[in-house]
Structure formats: structure tokens, C-alpha cells
Amino acid sequence: MRDRPPVTLGGMALAVRVIPCLDVDGGRVVKGVRFQDLRDAGDPVELAAAYDAAGADELTFLDVTASVDDRDTVFDVVARTAESVFIPLTVGGGVRTVDDVDRLLRAGADKVGVNTGAIARPELIGEVARRFGSQVLVLSLDVAADDSVPSGYTVTTHGGRTRTGLDAVTWAVQAEDLGAGELLLNSIDADGTKEGFDLPLIAAIREVVSIPVIASGGAGAVGDFPPAVAAGADAVLAASVFHFGQMSIGDVKAGLAEAGHVVR
Amino acid sequence: MSRPDVVVFDYGSGNLRSAQRALERAGADVTVTDDVAAAARATGLVVPGVGAFAACMAGLAAAGGHTLVTDRVARGAPVLGICVGAQVMFDAGDEHGVVTGGLGLLPGTVTRLSAERVPHMGWNTLDHDGLWLLDGVAPEERFYFVHSYAARPPIAGAEVATCDYGGPFVAVACRGPLSATQFHPEKSGRAGLALLSNWVRSL
């Protein structure tokens, strides 16, 4: 591992970002969202606007469309979202080539999440970074604890079902070197438990990269977010706790502010 | 009241739709085009830009944007540069020791941020002394930044707003018909829309 100085935040005033994530399948939000006052709770565009109004700092769409015939639906969703929502939009899912990235950016995405496509072909990271700049490339890591790799964390695919044997810490360092602009760190072990973020994982990745780290997986209460930031996350991402109205974006921000973190 | 016509200059790829929609929301009639003649005629011209300074300058020059922008500014026609589109308005950009000439419409060189955690990505506040482009924007409002390089204040002949990230850098610069924002107003929610409305109203 390379020798790097400890990473500290350069400016005091940069706000911790709170990011809701919507799973989109065939142009519709999956995992039913219970949001009040929506005409159509399955419409990602309407939900995006609602989260924008609620104070979300960014939005993430994860396109989980499996059917090839329906793959183009995401472009329409992105384009319609960009009509009325003026905060950064990240779109991930199924991105394999520079052309995939180009189409999403042209539709109105600001950043593109890349996961399996970069594991299969790490050069993709550099290709995207050179063409569009590092800032568009969010490398998504689905990580699980695994004693067979040096850091104790391996990268998985297919929602955690397939272990790649790739060491997550090594992969994070390599991804930054290749030109990734940001890391979306999702703990497969913590995901869905609502028992809090995987803090040792966040700290382990934070220690080796200087690009922003978005922590994901495990949030169950407002009090789960400040420790993730203290462990080194620049941003926090959650899905169901927001969708099911367990807490609002504002609740999370109030909790972060109370713990001494800067929020927008 | 008529809506001023604005061209968003399309000289490469990236997300131009958000800029288009935000400017429409701010009261402009917007065309996204690589047509230099149309861009020269427009009441307002927006120069977007993402990625590296050198690549952005090369793309701009290849599309005829170099003369387009300098001619417009010389005759007092409004230009708004955004992000790397703002950086190229300066004399030069220094990336990893490689210095690339810019459009030279603002003095100074764009250099790497000195914060340890780079890129500077997220929402940050501005310091300024009543800059017209920020009329009606409360001091605590935040704008969305994503960049690793910036120009440093002061900028001779320009009014600026600064942001602090590992030291102060130029977040907004206004000089005559030229305006430049290091952040993305089209991605900065209501604060960004307020800035764009101020710009559109000035056209």
C-alpha cells in the first residue's frame, strides 16, 4: 500500500451531503415508496422533485432494469428529472462503456455510477475520466467482510452474491489512481440491517484515498449518520429509511448538525 | 417582457440539458448549439466545461469558440463561463506542471487546490462584497462545486466572490460583459437559479 499522509478536510465549510437513492426498474421506482402528497409514488421524477424540495443535496438513481428491451427507459427518466430538478444527479446501473456514460450525461445526468463494468475492465475508469473528467465517475463498491483478503474486505457483484476476491482497499486505491472522482462505498453486510453503517470499512477506505467517499448501507436511525461522517464519509446515502418515511432528509441533517457537522 | 435569447455553446459532450433547463427557468429562451454564428448573435452566451483545462481549451478552439468568446467580450456582449468554462477565461491553467494558455480575458493562472482532500465536491458558501450577480442570495446560501483547480484572488479589474477550501479561491468573477462561476449554478438549487436569473435579467 502506498504511503499517504492522513487526510483532513481542507475547508471547514464544505457541507456533508445527504443523498437519497432510488432504485428504478423499467422507468418506475421499485421497493415501493411511501411519500405523502404524491400523485404517483412510483414516478422517479416526482420523487426526485419531492426529495429536492426536502433538502436532498444530490440524488442517485440506480437502474436495476434487467430487460434489455426496457433499458432505454432510464434515459427518459433522467431527461424528465433534469427538466425540473436542479441538484446533482448520479445514475448507475449497467454502465459498461464510454458511450453508455455519454448517453447518460447527454440525457441530463451529472455523474455516472460504475460498478461491475469497472471490475470487468478497470481501463473503463481511465477512459471515462479522460473523456469527461474524473468528476463524472462514481466508482461503486459493494463490499463484504472476507478474511481471505488482506484488508478483510472483498468486492462483490450481483448484490453481494458473487465474491470477486478483489481486496476492497486495494481496489479503492487503484480506482483513484485510474481516475475515479468519488467512491460509493456500500456495505453488503450492513445493508438492510438498519444497525448502522460499517464504520471500520469507511475508516479503512478513508485512510487510503483522498477522493470523496459516500457511505451507504445500514442506516436505521438518525443517530447512525454522524458516526459515518466521523469515520471519514464525505456524504451519506440511504434509500428505504427515506422512502418509508422513517426519517426525513431534514431529520438526518439536524442530527448531523447537532453532532457538529456542517450541513446545507 | 421578452425573454432574452441565450446560446449554450455545445463544443463537446457532457450534461448541457441541466444548464438549458435552469436558464429557461431563469427566464431565457435557450438554444444548445455548436453553431458559432448563432452563438455570436445570441444576446447571452454560456460557455460550459467539464474535465481537464487543456482538453477543454482544445475542444473550445476546435469548435471555433476561442475567437467567438474573445470577440463577444471585446464588443461588450455578455458571456457566462461555468466550471472549467469559467477557468478557461483566465490567462492559463497549470495541470501537473503543464501550463496551457487560456482565453486571457481574466488575469491569473488556474492552479490545483491546496486542500488535502481534492476534488472539492459539494455545497459551499461564498464571501463577497455585494457582487451584482449574487443580488438577493443570502450569505448562508450554498453552491454546488466539483473541481480540483481554481484561480486565486485578487483578480485585477474584476469583482469577485471567493470560497474557502484549503485557502480562498475565486468562485465568481465579473468583469464587464464577462461573468464566470467556478461552481455549477445550474446544479445549485434555488441559489443557483437566483444567480442565473440575475444574469438573464442583465441581458
# chains A, B, ... in the order shown; residues from 1 in each chain; ligands from 1
>>> closest_atom_pairs(of="stretch 82-182 of chain A", to="stretch 41-56 of chain B", cutoff="10 Å", atoms="only C-alpha atoms", output="Markdown table")
| residue | atom | partner | partner_atom | distance |
| --- | --- | --- | --- | --- |
| A:Ala129 | CA | B:Gly51 | CA | 7.6 |
| A:Arg130 | CA | B:Gly51 | CA | 7.5 |
| A:Arg131 | CA | B:Gly51 | CA | 7.4 |
| A:Phe132 | CA | B:Gly51 | CA | 5.3 |
| A:Gly133 | CA | B:Gly51 | CA | 3.6 |
| A:Ser134 | CA | B:Gly51 | CA | 6.8 |
| A:Gln135 | CA | B:Gly51 | CA | 7.4 |
| A:Val136 | CA | B:Gly51 | CA | 8.7 |
>>> interface_residues(of="chain A", to="chain B", cutoff="8 Å", atoms="only C-alpha atoms", output="PyMOL selection string")
chain A and resi 7-17+57+79+82-88+102+105-110+129-135+181+210-212+264
>>> write_last_selection(atoms="C-alpha atoms", output="PDB file, in the first residue's frame")
ATOM      1  CA  VAL A   7      -6.433  13.013   5.072  1.00  0.00           C
ATOM      2  CA  THR A   8      -8.010  16.073   6.602  1.00  0.00           C
ATOM      3  CA  LEU A   9     -10.758  18.235   5.250  1.00  0.00           C
ATOM      4  CA  GLY A  10      -9.257  21.306   3.599  1.00  0.00           C
ATOM      5  CA  GLY A  11     -12.122  23.712   4.181  1.00  0.00           C
ATOM      6  CA  MET A  12     -14.266  23.884   7.258  1.00  0.00           C
ATOM      7  CA  ALA A  13     -17.408  24.975   5.484  1.00  0.00           C
ATOM      8  CA  LEU A  14     -17.981  22.171   2.996  1.00  0.00           C
ATOM      9  CA  ALA A  15     -21.312  20.593   3.884  1.00  0.00           C
ATOM     10  CA  VAL A  16     -21.804  16.865   4.417  1.00  0.00           C
ATOM     11  CA  ARG A  17     -24.043  15.687   1.587  1.00  0.00           C
ATOM     12  CA  ASP A  57     -28.047  17.576  -1.655  1.00  0.00           C
ATOM     13  CA  ALA A  79     -34.189  13.692 -19.073  1.00  0.00           C
ATOM     14  CA  ALA A  82     -33.320  17.277 -15.412  1.00  0.00           C
ATOM     15  CA  GLU A  83     -36.282  19.390 -16.575  1.00  0.00           C
ATOM     16  CA  SER A  84     -37.185  20.445 -13.070  1.00  0.00           C
ATOM     17  CA  VAL A  85     -34.638  19.270 -10.505  1.00  0.00           C
ATOM     18  CA  PHE A  86     -31.543  21.454 -10.241  1.00  0.00           C
ATOM     19  CA  ILE A  87     -29.296  19.462  -7.923  1.00  0.00           C
ATOM     20  CA  PRO A  88     -26.646  16.915  -8.950  1.00  0.00           C
ATOM     21  CA  ASP A 102     -22.018   9.782 -22.844  1.00  0.00           C
ATOM     22  CA  LEU A 105     -24.647  12.679 -19.416  1.00  0.00           C
ATOM     23  CA  ARG A 106     -26.413  13.925 -22.523  1.00  0.00           C
ATOM     24  CA  ALA A 107     -29.742  12.875 -21.047  1.00  0.00           C
ATOM     25  CA  GLY A 108     -29.010  15.088 -18.042  1.00  0.00           C
ATOM     26  CA  ALA A 109     -27.001  13.050 -15.525  1.00  0.00           C
ATOM     27  CA  ASP A 110     -24.072  14.811 -13.841  1.00  0.00           C
ATOM     28  CA  ALA A 129     -12.105  10.175 -16.731  1.00  0.00           C
ATOM     29  CA  ARG A 130     -10.080  11.269 -19.761  1.00  0.00           C
ATOM     30  CA  ARG A 131     -13.152  11.921 -21.874  1.00  0.00           C
ATOM     31  CA  PHE A 132     -15.444  13.617 -19.341  1.00  0.00           C
ATOM     32  CA  GLY A 133     -13.253  14.340 -16.317  1.00  0.00           C
ATOM     33  CA  SER A 134     -12.900  12.400 -13.073  1.00  0.00           C
ATOM     34  CA  GLN A 135     -15.826  14.243 -11.517  1.00  0.00           C
ATOM     35  CA  GLY A 181     -13.716  11.001  -8.847  1.00  0.00           C
ATOM     36  CA  SER A 210      -8.228  11.351  -0.924  1.00  0.00           C
ATOM     37  CA  ILE A 211     -11.295  11.452  -3.203  1.00  0.00           C
ATOM     38  CA  PRO A 212     -14.735  11.837  -1.595  1.00  0.00           C
ATOM     39  CA  ARG A 264     -26.631  22.732   3.865  1.00  0.00           C
TER      40      ARG A 264
END
>>> residues_around(residues="stretch 149-153 of chain B", least_positions_apart="4", cutoff="7 Å", atoms="only C-alpha atoms", output="compact mmCIF listing (two decimals) with N, CA, C and O atoms, in the first residue's frame")
# COMPACT_ATOMS: atom_id res chain seq x y z
N GLN B 87 -12.87 28.60 -15.92
CA GLN B 87 -11.40 28.56 -15.79
C GLN B 87 -10.70 28.99 -17.07
O GLN B 87 -9.67 29.66 -17.02
N GLY B 108 -4.43 35.92 -14.48
CA GLY B 108 -4.13 34.91 -13.47
C GLY B 108 -4.11 33.51 -14.05
O GLY B 108 -4.54 33.26 -15.18
N THR B 109 -3.57 32.59 -13.24
CA THR B 109 -3.43 31.20 -13.66
C THR B 109 -4.27 30.31 -12.75
O THR B 109 -4.33 30.52 -11.54
N VAL B 110 -4.92 29.34 -13.37
CA VAL B 110 -5.73 28.37 -12.63
C VAL B 110 -4.81 27.25 -12.17
O VAL B 110 -4.14 26.62 -12.98
N THR B 111 -4.76 27.02 -10.85
CA THR B 111 -3.84 26.01 -10.29
C THR B 111 -4.60 25.05 -9.38
O THR B 111 -5.75 25.30 -9.00
N ARG B 112 -3.93 23.98 -9.00
CA ARG B 112 -4.56 22.95 -8.18
C ARG B 112 -4.88 23.49 -6.79
O ARG B 112 -4.12 24.25 -6.20
N LEU B 113 -6.02 23.09 -6.27
CA LEU B 113 -6.40 23.47 -4.91
C LEU B 113 -5.39 22.90 -3.94
O LEU B 113 -4.85 21.81 -4.14
N PRO B 168 -8.48 30.64 0.18
CA PRO B 168 -9.50 31.26 -0.68
C PRO B 168 -9.21 31.06 -2.17
O PRO B 168 -8.05 31.11 -2.59
N PHE B 169 -10.26 30.81 -2.92
CA PHE B 169 -10.13 30.76 -4.39
C PHE B 169 -11.29 31.53 -5.00
O PHE B 169 -12.26 31.88 -4.31
N VAL B 170 -11.18 31.81 -6.30
CA VAL B 170 -12.19 32.60 -6.99
C VAL B 170 -13.39 31.71 -7.34
O VAL B 170 -13.26 30.76 -8.11
>>> select_by_dssp(residues="stretch 39-130 of chain B", states="alpha helix (DSSP H)", output="PyMOL selection string")
chain B and resi 39-41+53-62+65-74+84-87
>>> write_last_selection(atoms="C-alpha atoms", output="compact mmCIF listing (two decimals), in the first residue's frame")
# COMPACT_ATOMS: atom_id res chain seq x y z
CA ALA B 39 -23.59 31.79 -30.64
CA ALA B 40 -22.09 35.09 -31.81
CA ARG B 41 -25.55 36.59 -32.46
CA PHE B 53 -8.35 22.57 -18.65
CA ALA B 54 -6.19 21.54 -21.62
CA ALA B 55 -8.86 19.26 -23.10
CA CYS B 56 -11.49 21.93 -22.61
CA MET B 57 -9.36 24.60 -24.34
CA ALA B 58 -8.60 22.22 -27.19
CA GLY B 59 -12.29 21.42 -27.62
CA LEU B 60 -13.23 25.07 -27.49
CA ALA B 61 -10.58 26.05 -30.04
CA ALA B 62 -11.53 23.19 -32.40
CA GLY B 65 -15.04 29.01 -29.58
CA HIS B 66 -11.78 30.84 -28.92
CA THR B 67 -12.50 33.73 -31.31
CA LEU B 68 -16.22 33.53 -30.58
CA VAL B 69 -15.74 34.29 -26.88
CA THR B 70 -12.95 36.86 -27.18
CA ASP B 71 -14.84 38.74 -29.93
CA ARG B 72 -18.02 38.83 -27.89
CA VAL B 73 -16.24 40.15 -24.81
CA ALA B 74 -14.38 42.74 -26.93
CA VAL B 84 -13.97 24.68 -16.48
CA GLY B 85 -15.78 27.04 -18.87
CA ALA B 86 -15.00 29.72 -16.25
CA GLN B 87 -11.40 28.56 -15.79
>>> select_by_dssp(residues="chain B", states="strand (DSSP E)", output="compact mmCIF listing (two decimals) with C-alpha atoms, in the first residue's frame")
# COMPACT_ATOMS: atom_id res chain seq x y z
CA ASP B 5 -32.10 34.58 -26.23
CA VAL B 6 -29.21 32.61 -24.81
CA VAL B 7 -26.98 30.07 -26.51
CA VAL B 8 -25.32 27.28 -24.50
CA PHE B 9 -22.26 26.52 -26.59
CA ASP B 29 -35.01 31.41 -24.44
CA VAL B 30 -32.25 28.84 -24.70
CA THR B 31 -30.63 27.05 -27.63
CA VAL B 32 -27.92 24.43 -27.22
CA THR B 33 -25.79 24.50 -30.35
CA GLY B 44 -26.16 35.93 -23.97
CA LEU B 45 -23.63 33.13 -24.40
CA VAL B 46 -22.97 30.38 -21.85
CA VAL B 47 -19.69 28.50 -22.04
CA VAL B 79 -20.65 35.72 -21.72
CA LEU B 80 -21.08 33.39 -18.73
CA GLY B 81 -18.46 30.69 -18.18
CA ILE B 82 -19.29 27.78 -15.88
CA PHE B 90 -8.12 33.12 -17.31
CA ASP B 91 -4.62 33.56 -18.77
CA ALA B 92 -3.58 29.95 -18.25
CA GLY B 93 -4.15 26.66 -16.48
CA ASP B 94 -1.40 24.69 -14.73
CA GLU B 95 -2.12 20.97 -14.50
CA VAL B 98 1.87 21.53 -17.78
CA VAL B 99 0.78 25.11 -18.47
CA THR B 100 -1.93 25.62 -21.10
CA GLY B 101 -2.87 29.05 -22.39
CA LEU B 106 -9.20 37.43 -16.80
CA PRO B 107 -5.68 37.77 -15.37
CA GLY B 108 -4.13 34.91 -13.47
CA THR B 109 -3.43 31.20 -13.66
CA VAL B 110 -5.73 28.37 -12.63
CA THR B 111 -3.84 26.01 -10.29
CA ARG B 112 -4.56 22.95 -8.18
CA HIS B 120 -13.63 19.91 -3.79
CA MET B 121 -17.02 18.31 -4.23
CA GLY B 122 -20.18 19.53 -2.60
CA TRP B 123 -22.02 22.58 -1.32
CA ASN B 124 -20.06 25.54 -0.01
CA PHE B 143 -23.50 26.50 -4.21
CA TYR B 144 -22.51 23.17 -5.70
CA PHE B 145 -18.81 22.81 -6.55
CA VAL B 146 -16.94 19.99 -8.21
CA HIS B 147 -13.38 20.85 -9.21
CA TYR B 149 -8.35 23.59 -9.78
CA ALA B 150 -9.20 27.26 -9.38
CA GLU B 159 -15.21 41.88 -8.94
CA VAL B 160 -15.03 38.50 -7.28
CA ALA B 161 -16.74 36.24 -4.77
CA THR B 162 -14.43 33.77 -3.06
CA CYS B 163 -14.87 30.39 -1.47
CA ASP B 164 -12.53 28.85 1.09
CA PRO B 168 -9.50 31.26 -0.68
CA PHE B 169 -10.13 30.76 -4.39
CA VAL B 170 -12.19 32.60 -6.99
CA ALA B 171 -15.76 31.27 -7.02
CA VAL B 172 -17.25 34.09 -9.14
CA ALA B 173 -15.53 36.71 -11.26
CA CYS B 174 -17.31 39.54 -13.09
CA ARG B 175 -15.55 41.91 -15.44
CA LEU B 178 -17.82 38.59 -18.74
CA SER B 179 -19.10 36.52 -15.81
CA ALA B 180 -17.53 33.30 -14.59
CA THR B 181 -18.60 30.86 -11.88
>>> atom_distance(atom1="atom CA of A:Gly126", atom2="atom CA of A:Arg206")
21.2 Å
